[in-house]
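Peer 1: Below is query.txt; it holds compact mmCIF, C-alpha atoms.
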# COMPACT_ATOMS: atom_id res chain seq x y z
CA MET G 1046 23.26 -1.93 5.26
CA ASP G 1047 24.59 -0.85 1.86
CA ILE G 1048 21.96 1.34 0.24
CA ILE G 1049 22.04 2.93 -3.21
CA LEU G 1050 19.97 6.05 -3.81
CA VAL G 1051 19.37 7.29 -7.34
CA GLY G 1052 18.33 10.84 -8.09
CA GLY G 1053 18.85 14.29 -6.71
CA GLY G 1054 17.18 17.12 -4.96
CA LYS G 1055 16.24 17.73 -1.38
CA LEU G 1056 14.56 14.38 -1.00
CA ILE G 1057 17.80 12.48 -1.63
CA TYR G 1058 19.74 14.86 0.58
CA HIS G 1059 17.48 14.39 3.57
CA LEU G 1060 16.99 10.71 3.05
CA ALA G 1061 20.76 10.18 2.82
CA LYS G 1062 21.39 12.19 6.00
CA LYS G 1063 18.79 10.21 7.93
CA LEU G 1064 20.00 6.87 6.69
CA ILE G 1065 23.62 7.71 7.45
CA SER G 1066 22.66 8.81 10.95
CA LYS G 1067 21.17 5.36 11.42
CA GLY G 1068 24.44 3.73 10.48
CA HIS G 1069 23.77 2.73 6.87
CA PHE G 1070 26.32 3.04 4.08
CA ILE G 1071 24.99 5.27 1.34
CA THR G 1072 25.90 5.55 -2.31
CA ILE G 1073 24.14 8.20 -4.36
CA ILE G 1074 24.02 8.09 -8.16
CA ASN G 1075 23.29 11.35 -9.95
CA LYS G 1076 23.64 12.28 -13.60
CA ASP G 1077 24.28 15.96 -13.03
CA ARG G 1078 27.97 16.70 -12.37
CA LYS G 1079 27.31 19.88 -10.38
CA LEU G 1080 24.68 18.22 -8.18
CA ALA G 1081 26.93 15.23 -7.63
CA GLU G 1082 29.76 17.53 -6.56
CA ASP G 1083 27.50 19.45 -4.18
CA LEU G 1084 26.24 16.23 -2.66
CA SER G 1085 29.76 14.92 -2.23
CA LYS G 1086 30.58 17.95 -0.08
CA GLU G 1087 27.58 17.49 2.17
CA ILE G 1088 27.00 13.78 2.36
CA ASN G 1089 29.26 11.39 4.14
CA GLY G 1090 28.88 8.65 1.57
CA THR G 1091 29.94 7.66 -1.93
CA ILE G 1092 28.66 9.81 -4.76
CA VAL G 1093 28.75 8.42 -8.29
CA CYS G 1094 28.19 10.77 -11.21
CA GLY G 1095 26.53 8.85 -14.01
CA ASP G 1096 23.37 7.50 -15.58
CA ALA G 1097 21.96 4.77 -13.35
CA THR G 1098 20.09 3.18 -16.26
CA GLU G 1099 23.48 1.90 -17.44
CA SER G 1100 24.58 -1.29 -15.77
CA GLU G 1101 28.24 -0.15 -15.72
CA VAL G 1102 27.24 2.80 -13.56
CA LEU G 1103 25.31 0.59 -11.16
CA ASP G 1104 28.31 -1.69 -11.07
CA ASP G 1105 30.60 1.26 -10.24
CA ALA G 1106 28.23 2.22 -7.46
CA GLY G 1107 28.75 -1.17 -5.85
CA ALA G 1108 25.42 -2.70 -6.83
CA HIS G 1109 26.84 -6.19 -6.36
CA LYS G 1110 27.09 -5.73 -2.63
CA ALA G 1111 24.12 -3.41 -2.08
CA GLU G 1112 21.08 -4.72 -0.27
CA VAL G 1113 18.65 -1.94 -1.11
CA LEU G 1114 18.19 0.41 -4.05
CA VAL G 1115 15.89 3.42 -4.02
CA ALA G 1116 15.13 5.19 -7.33
CA LEU G 1117 13.81 8.70 -6.87
CA THR G 1118 14.05 10.34 -10.27
CA GLN G 1119 11.19 12.34 -11.76
CA LYS G 1120 10.70 9.84 -14.57
CA ASP G 1121 8.76 6.65 -13.92
CA HIS G 1122 10.32 4.83 -16.86
CA ASN G 1123 13.79 5.48 -15.45
CA ASN G 1124 12.80 4.46 -11.92
CA LEU G 1125 11.21 1.26 -13.17
CA PHE G 1126 14.14 0.42 -15.39
CA ILE G 1127 16.76 1.09 -12.71
CA CYS G 1128 14.93 -1.01 -10.11
CA LYS G 1129 14.41 -3.88 -12.53
CA MET G 1130 18.03 -3.76 -13.60
CA ALA G 1131 19.13 -3.77 -9.97
CA LYS G 1132 17.02 -6.88 -9.42
CA ASP G 1133 17.88 -8.80 -12.57
CA TYR G 1134 21.54 -7.87 -13.02
CA PHE G 1135 22.71 -7.38 -9.47
CA ALA G 1136 20.30 -9.47 -7.40
CA ILE G 1137 19.20 -6.54 -5.24
CA ASN G 1138 15.87 -7.84 -4.02
CA ARG G 1139 14.68 -4.82 -2.12
CA THR G 1140 14.04 -1.98 -4.51
CA THR G 1141 11.88 1.04 -3.96
CA ALA G 1142 10.82 3.55 -6.55
CA LEU G 1143 9.13 6.88 -6.63
CA VAL G 1144 5.99 6.62 -8.73
CA ASN G 1145 5.18 9.94 -10.31
CA ASN G 1146 2.15 8.81 -12.26
CA PRO G 1147 -0.38 7.21 -9.89
CA ASP G 1148 -1.53 4.90 -12.71
CA ASN G 1149 1.83 3.11 -12.59
CA GLU G 1150 1.65 1.99 -8.99
CA HIS G 1151 0.04 -1.33 -9.84
CA LEU G 1152 2.60 -2.05 -12.54
CA PHE G 1153 5.53 -1.44 -10.20
CA ASN G 1154 4.01 -3.72 -7.59
CA GLU G 1155 3.45 -6.44 -10.17
CA LEU G 1156 7.13 -6.29 -11.04
CA GLY G 1157 8.14 -6.69 -7.41
CA ILE G 1158 9.27 -3.12 -6.84
CA SER G 1159 8.14 -2.15 -3.41
CA GLY G 1160 7.57 0.65 -0.98
CA ILE G 1161 6.18 2.96 -3.54
CA PHE G 1162 5.59 6.50 -2.52
CA ASN G 1163 3.13 8.25 -4.69
CA ILE G 1164 4.17 11.84 -4.70
CA THR G 1165 1.71 13.15 -7.25
CA ASP G 1166 -1.21 11.84 -5.25
CA LEU G 1167 0.25 13.27 -2.09
CA PHE G 1168 0.89 16.70 -3.54
CA SER G 1169 -2.45 16.99 -5.22
CA SER G 1170 -4.25 16.12 -2.01
CA LEU G 1171 -2.01 18.61 -0.21
CA ILE G 1172 -2.87 21.44 -2.48
CA GLU G 1173 -6.50 20.52 -2.16
CA GLN G 1174 -6.17 20.50 1.62
CA SER G 1175 -4.22 23.74 1.75
CA ILE G 1176 -7.46 25.55 1.06
CA SER G 1177 -9.20 23.91 4.00
CA THR G 1178 -9.25 25.63 7.38
CA ASP G 1179 -8.52 22.68 9.64
CA ASP G 1180 -5.30 22.89 11.60
CA ILE G 1181 -4.49 19.22 11.16
CA THR G 1182 -5.19 17.24 8.05
CA ASN G 1183 -4.71 13.54 7.76
CA LEU G 1184 -3.47 12.92 4.28
CA THR G 1185 -2.91 9.24 4.07
CA MET G 1186 -1.79 6.12 5.82
CA ILE G 1187 0.71 3.68 4.39
CA GLU G 1188 0.82 -0.09 5.00
CA ASP G 1189 -2.49 -0.35 6.83
CA GLY G 1190 -1.79 2.62 9.04
CA LYS G 1191 1.78 1.77 10.05
CA LEU G 1192 2.99 5.11 8.74
CA SER G 1193 0.95 8.27 8.60
CA ILE G 1194 1.34 11.36 6.51
CA PHE G 1195 -0.40 14.45 7.71
CA ALA G 1196 -0.20 18.22 7.59
CA VAL G 1197 -0.24 20.61 10.54
CA GLU G 1198 -0.76 24.35 10.40
CA VAL G 1199 2.00 26.06 12.39
CA ASP G 1200 0.60 27.99 15.33
CA PRO G 1201 2.25 31.38 16.09
CA ASN G 1202 2.79 30.23 19.70
CA SER G 1203 4.25 26.85 18.81
CA MET G 1204 7.90 26.16 19.56
CA ALA G 1205 8.60 25.62 15.87
CA ALA G 1206 7.36 29.01 14.64
CA GLY G 1207 10.17 31.26 13.44
CA LYS G 1208 12.82 28.58 13.85
CA GLU G 1209 15.05 26.78 11.39
CA ILE G 1210 14.29 23.09 11.08
CA LYS G 1211 17.65 22.02 12.47
CA GLU G 1212 16.96 24.05 15.65
CA ILE G 1213 13.72 22.20 16.31
CA ASP G 1214 13.98 19.26 18.64
CA LEU G 1215 12.31 16.43 16.74
CA PRO G 1216 12.69 12.68 17.16
CA LEU G 1217 14.59 11.12 14.24
CA SER G 1218 11.58 9.08 13.26
CA ILE G 1219 9.59 12.19 12.39
CA VAL G 1220 10.34 13.41 8.89
CA LEU G 1221 9.23 16.66 7.32
CA GLY G 1222 8.05 16.06 3.80
CA GLY G 1223 7.13 19.56 2.70
CA ILE G 1224 6.16 23.07 3.70
CA ILE G 1225 3.17 24.78 2.15
CA ARG G 1226 3.36 28.55 2.33
CA ASN G 1227 0.71 30.67 0.60
CA GLY G 1228 -0.35 27.69 -1.44
CA LYS G 1229 3.19 26.97 -2.65
CA MET G 1230 4.96 23.74 -1.92
CA MET G 1231 8.54 23.86 -0.63
CA ILE G 1232 10.83 20.99 0.18
CA PRO G 1233 12.32 21.54 3.63
CA ARG G 1234 16.02 21.52 4.35
CA GLY G 1235 17.83 21.87 7.65
CA GLY G 1236 18.17 25.60 7.09
CA SER G 1237 14.55 26.23 6.08
CA THR G 1238 12.64 28.43 8.47
CA ILE G 1239 9.21 27.43 9.71
CA GLU G 1240 6.80 30.35 9.86
CA ALA G 1241 3.49 30.73 11.62
CA GLY G 1242 0.69 29.89 9.22
CA ASP G 1243 2.78 27.41 7.22
CA LYS G 1244 1.38 23.98 6.68
CA VAL G 1245 4.00 21.39 7.44
CA VAL G 1246 3.72 17.94 5.97
CA ILE G 1247 4.87 15.32 8.42
CA ILE G 1248 5.63 11.67 7.90
CA SER G 1249 5.74 9.70 11.12
CA LEU G 1250 4.66 6.64 13.00
CA PRO G 1251 1.07 7.05 14.15
CA LYS G 1252 2.12 6.93 17.79
CA GLU G 1253 4.40 9.93 17.30
CA GLN G 1254 1.80 11.96 15.54
CA ALA G 1255 0.80 13.63 18.79
CA GLU G 1256 4.34 14.72 19.54
CA ALA G 1257 4.75 16.27 16.12
CA ILE G 1258 1.46 18.09 16.47
CA LYS G 1259 2.66 19.43 19.84
CA VAL G 1260 5.81 20.90 18.27
CA PHE G 1261 4.09 22.58 15.34
CA GLY G 1262 0.55 23.02 16.50
CA GLY G 1263 1.43 24.89 19.68
CA GLU G 1264 -0.67 22.84 22.04
CA MET V 226 -4.06 -8.43 -37.82
CA PHE V 227 -4.70 -5.36 -35.70
CA ILE V 228 -1.30 -3.86 -34.84
CA VAL V 229 -0.44 -0.93 -32.57
CA ILE V 230 2.91 0.74 -33.25
CA ILE V 231 4.48 2.98 -30.61
CA GLY V 232 6.65 5.70 -32.08
CA SER V 233 6.41 7.22 -35.52
CA GLY V 234 10.11 7.81 -35.99
CA ARG V 235 12.03 6.31 -38.87
CA THR V 236 11.59 2.75 -37.59
CA GLY V 237 7.93 3.05 -36.61
CA SER V 238 6.95 4.84 -39.82
CA LEU V 239 8.69 2.34 -42.03
CA LEU V 240 6.96 -0.56 -40.29
CA ALA V 241 3.58 1.19 -40.25
CA GLY V 242 3.77 1.89 -43.97
CA SER V 243 4.68 -1.68 -44.92
CA LEU V 244 2.17 -3.30 -42.58
CA SER V 245 -0.76 -1.15 -43.69
CA ARG V 246 0.18 -1.74 -47.33
CA SER V 247 0.07 -5.49 -46.78
CA GLY V 248 -3.45 -5.23 -45.41
CA HIS V 249 -3.05 -5.01 -41.66
CA GLU V 250 -5.03 -2.62 -39.54
CA VAL V 251 -2.47 -0.26 -38.02
CA VAL V 252 -2.57 2.44 -35.32
CA VAL V 253 0.51 4.57 -34.69
CA VAL V 254 0.98 6.39 -31.39
CA GLU V 255 3.39 9.33 -31.33
CA LYS V 256 4.00 12.19 -28.90
CA ASP V 257 5.43 14.62 -31.42
CA PRO V 258 2.86 15.31 -34.18
CA ALA V 259 5.60 16.44 -36.56
CA SER V 260 6.87 12.86 -36.69
CA PHE V 261 3.67 11.68 -38.39
CA GLY V 262 5.17 13.38 -41.43
CA LEU V 263 7.54 10.42 -41.73
CA LEU V 264 4.64 8.08 -42.53
CA PRO V 265 4.36 7.26 -46.25
CA VAL V 266 1.60 9.02 -48.18
CA ASP V 267 -0.26 5.77 -48.79
CA PHE V 268 -0.45 4.94 -45.06
CA SER V 269 -4.07 4.08 -44.42
CA GLY V 270 -4.04 3.45 -40.66
CA PHE V 271 -4.80 5.70 -37.71
CA GLU V 272 -2.57 8.25 -36.02
CA ILE V 273 -2.95 8.91 -32.30
CA GLU V 274 -1.11 11.89 -30.89
CA GLY V 275 -0.14 11.36 -27.25
CA ASP V 276 2.28 9.94 -24.72
CA ALA V 277 2.14 6.15 -24.88
CA MET V 278 3.26 5.98 -21.25
CA GLU V 279 -0.27 7.05 -20.31
CA ASN V 280 -2.85 4.27 -20.02
CA GLU V 281 -5.50 6.56 -21.48
CA VAL V 282 -3.51 7.10 -24.66
CA LEU V 283 -2.98 3.37 -25.13
CA LYS V 284 -6.70 2.80 -24.63
CA GLU V 285 -7.45 5.43 -27.22
CA ALA V 286 -5.23 3.46 -29.59
CA LYS V 287 -7.51 0.45 -28.90
CA ILE V 288 -4.66 -1.51 -27.38
CA GLU V 289 -7.16 -3.75 -25.63
CA SER V 290 -8.06 -5.39 -28.91
CA ALA V 291 -4.56 -5.39 -30.44
CA ASP V 292 -3.12 -8.69 -31.70
CA LEU V 293 0.37 -7.25 -31.67
CA ILE V 294 2.13 -4.18 -30.32
CA ILE V 295 5.48 -3.01 -31.70
CA VAL V 296 7.36 -0.61 -29.43
CA THR V 297 9.88 1.36 -31.46
CA THR V 298 10.86 4.54 -29.61
CA GLY V 299 14.54 5.41 -29.41
CA ASP V 300 14.66 5.17 -25.61
CA ASP V 301 15.27 1.84 -23.88
CA GLN V 302 13.72 2.96 -20.61
CA ILE V 303 10.53 4.24 -22.24
CA ASN V 304 10.31 1.09 -24.34
CA TYR V 305 10.62 -1.06 -21.24
CA LEU V 306 7.84 0.74 -19.40
CA ILE V 307 5.47 0.63 -22.39
CA THR V 308 6.25 -3.04 -22.95
CA GLN V 309 5.36 -3.84 -19.35
CA MET V 310 2.20 -1.75 -19.58
CA ALA V 311 1.16 -3.68 -22.68
CA LYS V 312 1.81 -6.96 -20.92
CA ILE V 313 0.52 -6.28 -17.41
CA ASN V 314 -2.13 -3.58 -17.86
CA PHE V 315 -3.56 -4.65 -21.21
CA ASP V 316 -2.62 -8.28 -21.65
CA VAL V 317 -1.54 -7.84 -25.28
CA PRO V 318 -0.94 -11.35 -26.71
CA ARG V 319 2.22 -10.51 -28.63
CA ILE V 320 4.74 -7.76 -27.95
CA MET V 321 7.73 -6.74 -30.03
CA VAL V 322 10.23 -4.24 -28.73
CA ARG V 323 13.24 -2.45 -30.17
CA THR V 324 16.30 -2.24 -27.95
CA ILE V 325 19.11 0.25 -28.46
CA ASN V 326 21.81 -0.70 -25.94
CA PRO V 327 22.66 -4.42 -26.33
CA ASP V 328 23.16 -4.57 -22.55
CA VAL V 329 19.41 -4.10 -22.18
CA GLU V 330 18.57 -7.41 -23.90
CA ARG V 331 18.97 -9.21 -20.59
CA MET V 332 16.14 -7.16 -19.09
CA TYR V 333 13.71 -9.11 -21.23
CA ARG V 334 15.05 -12.54 -20.43
CA ASN V 335 12.42 -14.98 -19.22
CA GLU V 336 9.68 -12.86 -20.72
CA ASN V 337 7.35 -14.94 -22.77
CA ARG V 338 5.13 -12.98 -25.16
CA ILE V 339 7.87 -10.36 -25.58
CA GLU V 340 10.21 -10.54 -28.57
CA ILE V 341 13.19 -8.22 -28.66
CA PHE V 342 14.90 -6.71 -31.66
CA SER V 343 18.29 -5.42 -30.69
CA GLN V 344 19.35 -3.10 -33.49
CA ILE V 345 23.06 -3.24 -32.75
CA SER V 346 23.17 -7.02 -32.32
CA LEU V 347 21.15 -7.53 -35.52
CA LEU V 348 23.48 -5.26 -37.45
CA ALA V 349 26.59 -6.88 -36.04
CA ASP V 350 25.26 -10.38 -36.77
CA LYS V 351 24.49 -9.38 -40.33
CA ILE V 352 27.95 -7.94 -40.87
CA LEU V 353 29.66 -10.91 -39.24
CA SER V 354 27.71 -13.37 -41.37
CA LYS V 355 29.12 -11.65 -44.49
CA ILE V 356 32.70 -11.93 -43.30
CA ASP V 357 32.92 -15.67 -42.79
Represent the structure contained in this file as structure tokens.

Peer 2:
Amino acid sequence: MDIILVGGGKLIYHLAKKLISKGHFITIINKDRKLAEDLSKEINGTIVCGDATESEVLDDAGAHKAEVLVALTQKDHNNLFICKMAKDYFAINRTTALVNNPDNEHLFNELGISGIFNITDLFSSLIEQSISTDDITNLTMIEDGKLSIFAVEVDPNSMAAGKEIKEIDLPLSIVLGGIIRNGKMMIPRGGSTIEAGDKVVIISLPKEQAEAIKVFGGE
Amino acid sequence: MFIVIIGSGRTGSLLAGSLSRSGHEVVVVEKDPASFGLLPVDFSGFEIEGDAMENEVLKEAKIESADLIIVTTGDDQINYLITQMAKINFDVPRIMVRTINPDVERMYRNENRIEIFSQISLLADKILSKID
């Protein structure tokens, strides 16, 4: 499938890598020249440097033949606008946006923009949970429990402790969404090291939850 | 009429001044308090300081009872979001929005209740009408 991703940061990087490994064709649009150049070195896809709220830029990125667009910028008004433009101008029916303000989730859904991932809600519940003493915290379920997001405290004896993420043998369908260390949130990359006592945020299918807990929880 | 104006820049202030002078009840919402300085001295409406992309701020501006909202910020993306909030979240009966990039006009196609004012197209039309 031809997929357009808009935005930057670790989230885009990891998402692009995963999608490419599954055989999708990825185009990333980023406004920042330096970021776009960095991405072009690391991602085996097309990188377009430009403002995705402009239809010419979407056009350059091949929006006419794309089937999916994912907008992951930090600004809800840009994500909404880009998704709507993709729908109305380029007939991309499947659009997904990051919703930074939880209040906007309903609005996005009303406008037919789907698969919304509410990062502010997630992070605030994470920080709340990071104070709790439980080793495993269920954060939320998406689509009536088809996808679960949870946090595991890394056990010193687990096979993940002290290792870089890329060294850990994880099924592709398990995604690390964040690492909480001493109450601070970090976005994991392949080279990030997992330390005992970290809380790792995991996004996976419910049936693979147990496997992920085995890797990080040390059982 | 009870009118909510989003943005107290040059456009919003000019409209707010004229509308309040002609007897309408006007509320202006603006993020940057310094911009309220652009309102004329005889402006008799209300000023709400806050980000209009927050539902709470719009509620504070009494958007729920507005007959008309005029969205005038200088950012097409922000204007689009606020316009949709007014329509979907608050069911405002009449919405007017300023558009900067003429390419954006198509975003509002098939939108009843929303009237667009494309500054560049209006200017160009005006000039062209003088030439013929």

Peer 1: Please report as a count of residues only which residues of chain V come no farther than 10 Å from chain G, using all atoms listed in the file.

Peer 2: 24

Peer 1: How many Å lie between atom CA of Gly1053 of chain G and atom CA of Ile1232 of chain G, rounded to one decimal?

Peer 2: 12.5 Å

Peer 1: Atom CA of Thr1185 of chain G and atom CA of Tyr1058 of chain G are how many Å apart?

Peer 2: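 One can read the atom CA of Thr1185 of chain G to atom CA of Tyr1058 of chain G distance as 23.6 Å.
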
Peer 1: Go ahead and compute the interatomic distance for atom CA of Lys284 of chain V and atom CA of Pro318 of chain V, in Å to one decimal.

Peer 2: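 Interatomic distance, atom CA of Lys284 of chain V to atom CA of Pro318 of chain V: 15.4 Å.
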
Peer 1: Quick one: everything within 8 Å of segment 1072-1089 of chain G, counting all atoms listed in the file, minus sequence neighbours fewer than 5 positions away in the same chain. Send it as a list in words.

Peer 2: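 In the requested form, the answer reads Asp1047, Ile1048, Ile1049, Leu1050, Val1051, Gly1052, Gly1053, Tyr1058, Ala1061, Lys1062, Ile1065, Cys1094, Gly1095, Asp1096, Ala1097 and Ala1106 of chain G.
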
Peer 1: What's the 8 Å shell around Arg1139 of chain G, counting only C-alpha atoms, without same-chain residues fewer than 5 positions away, as a list of chain:residue names?

Peer 2: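 What passes the distance filter is G:Glu1112, G:Val1113, G:Leu1114, G:Lys1132, G:Ile1158, G:Ser1159.
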